Amino acid sequence: MDKKKSFQNNEMLNSDCPECNGAIIHTNSEVICSGCGLVIDHLYNNSSYAFHEEQYLGTVSKQFVALGNRTDFVGGLGTCIDYGNSKLFKDKSGKVLGPNEQRLYRRLKKTYGQFLRIKNHETEYRIFNILGKISTYLNLNKNIKNSAAYYFKKIIKYEEKVINNITLIAFCIFHAARNDTQNAPITISEISEAFRNYGHRVSPRLILRDALIYKKYLTNTAKPHTCEDYVTRLINDVIHHSGTERRLLRKKAPWTLNEFKINLMHKSREILENLSQWHRGGRNPFILTGAIIYLADKLLAEENEHKAVLTQNLISEATNIAEYSIRDHYVNLLKPLFFPKEEIKN
């Protein structure tokens, strides 16, 4: 059965996306399209827990778990023996243990107490707690979280004096996210905002400062992000904006909200195919993608003879891109290329 599933997964990875014919990639637990972000299937890995082959229902039954060495965790045993201040230990049926076992568990409780487990590693313990909160807030996958923890440990191993550990873990998250092949990459501003929401003064400037200082300890295999990487994410943000559906009805567009999303996706990718690297120049791909979505809506309106649905203000609110930046990219770059007749009339 496992061989059959493995064969199906390998066959799936070698095929194309049924939606947009894009390349298929796999993340931590999903098979997705690198083009449109469609989740095609889920990947199930074998558990790391190892149990006895024979299952007993009595008091002699045992299970064995491999503790391993977690990258993003500091400590030994992961649980506490009984309550924090308890000194009398009982078995699972409530019977008091014998004197020898009492001494054994008192010694174990003292040896593996929380403070002793993290002794001399207090900074790492605090930083990895912050990493866990930020990963949950930004909805980062497990690979990015583990990679960020690995980068942090590697840097503090070779760097004699770290300027700020919190800005360092922020840089490690940014570096790990750039090296990960996820379809919706996060920006440095979003990482900075996440830290500020938890009360840490981390700015994009400080993250870039740490990048210049500590990048020598890390190997960078990431390719610069392009507009294609941000299309799916930003269109989802626009579609889920509260004003988009109301404007669809007001402008009498001939689509449902989901149909509008699909058409916007196809038109945006069509624009990107006709937009050469020379025209994109050194522009920020995140901001340029917002302007491309605005242009795509205008082209759809012209083709279907109805008024445009989206406004620059709506896209700005949905994507957190400054409205003047969308206007600048549209007026100075996109409009002369895709509406040349209007330029001649003006």
# chains A, B, ... in the order shown; residues from 1 in each chain; ligands from 1
$ closest_atom_pairs --of "segment 205-233 of chain A" --to "segment 259-263 of chain A" --cutoff "12 Å" --atoms "only C-alpha atoms" --output "CSV"
residue,atom,partner,partner_atom,distance
A:Val231,CA,A:Lys261,CA,11.2
A:Thr232,CA,A:Lys261,CA,9.6
A:Arg233,CA,A:Lys261,CA,11.4
$ write_last_selection --atoms "C-alpha atoms" --output "JSON list (two decimals), in the first residue's frame"
[["chain", "number", "residue", "atom", "x", "y", "z"],
["A", 231, "VAL", "CA", 0.18, 37.06, -8.27],
["A", 232, "THR", "CA", -1.82, 34.32, -6.54],
["A", 233, "ARG", "CA", -1.41, 35.79, -3.10]]
$ select_by_dssp --residues "segment 67-266 of chain A" --states "helix (DSSP H, G or I)" --output "PyMOL selection string"
chain A and resi 99-111+114-117+122-138+142-158+165-179+188-197+204-217+227-239+242-250+257-266
$ closest_residue --among "A:His279, A:Lys298, A:Arg269, A:Lys307" --to "Leu337 of chain A" --atoms "only C-alpha atoms"
A:His279
$ closest_residue --among "A:Leu108, A:Leu295, A:Ala253, A:Ile155" --to "Lys216 of chain A" --atoms "only C-alpha atoms"
A:Ile155
$ residues_around --residues "Asp91 of chain A" --least-positions-apart "5" --cutoff "12 Å" --atoms "only C-alpha atoms" --output "short mmCIF file (atom, residue, chain, number, x, y, z; two decimals) with C-alpha atoms, in the first residue's frame"
data_model
loop_
_atom_site.label_atom_id
_atom_site.label_comp_id
_atom_site.auth_asym_id
_atom_site.auth_seq_id
_atom_site.Cartn_x
_atom_site.Cartn_y
_atom_site.Cartn_z
CA THR A 59 0.45 -2.05 34.09
CA VAL A 60 3.42 -3.55 32.24
CA ILE A 81 6.89 14.67 36.37
CA ASP A 82 3.62 15.16 38.25
CA VAL A 96 1.56 5.38 46.28
CA LEU A 97 4.92 4.24 44.91
CA GLY A 98 7.48 2.46 47.07
CA GLU A 101 10.75 4.56 43.31
CA GLN A 102 9.94 7.73 45.29
CA TYR A 105 11.39 10.06 40.62
#
$ closest_residue --among "A:Cys227, A:Ala176, A:Ile169, A:His306" --to "Arg126 of chain A" --atoms "only C-alpha atoms"
A:Ile169
$ residues_around --residues "Asp297 of chain A" --least-positions-apart "6" --cutoff "8 Å" --atoms "only C-alpha atoms" --output "list in words"
Leu264, Ala308, Val309 and Leu310 of chain A
$ write_last_selection --atoms "N, CA and C atoms" --output "JSON list (two decimals), in the first residue's frame"
[["chain", "number", "residue", "atom", "x", "y", "z"],
["A", 264, "LEU", "N", -9.24, 37.23, -13.50],
["A", 264, "LEU", "CA", -8.19, 38.16, -13.09],
["A", 264, "LEU", "C", -6.83, 37.46, -13.06],
["A", 308, "ALA", "N", -14.79, 49.14, -15.12],
["A", 308, "ALA", "CA", -13.79, 48.44, -14.29],
["A", 308, "ALA", "C", -14.31, 48.27, -12.86],
["A", 309, "VAL", "N", -13.98, 47.14, -12.27],
["A", 309, "VAL", "CA", -14.46, 46.81, -10.93],
["A", 309, "VAL", "C", -13.54, 47.38, -9.86],
["A", 310, "LEU", "N", -12.25, 47.21, -10.03],
["A", 310, "LEU", "CA", -11.28, 47.56, -8.98],
["A", 310, "LEU", "C", -10.84, 49.00, -9.09]]
$ atom_distance --atom1 "atom CA of Ile287 of chain A" --atom2 "atom CA of Leu249 of chain A"
27.3 Å
$ residues_around --residues "Ile213 of chain A" --least-positions-apart "4" --cutoff "12 Å" --atoms "only C-alpha atoms" --output "ChimeraX atom specification"
/A:155,159,161-164,167-168,171,206-209,217-218
$ write_last_selection --atoms "C-alpha atoms" --output "tab-separated table (two decimals), in the first residue's frame"
chain	number	residue	atom	x	y	z
A	155	ILE	CA	25.39	32.23	13.31
A	159	GLU	CA	29.82	35.05	15.77
A	161	LYS	CA	29.14	39.00	19.75
A	162	VAL	CA	25.63	39.33	18.32
A	163	ILE	CA	24.25	42.88	18.23
A	164	ASN	CA	20.61	41.93	18.87
A	167	THR	CA	16.63	41.17	15.00
A	168	LEU	CA	18.90	38.22	14.21
A	171	PHE	CA	16.72	38.02	9.60
A	206	LEU	CA	17.53	46.52	11.29
A	207	ILE	CA	16.81	43.23	9.48
A	208	LEU	CA	18.78	44.44	6.45
A	209	ARG	CA	21.60	45.55	8.76
A	217	TYR	CA	27.88	32.59	7.59
A	218	LEU	CA	25.03	31.37	5.35
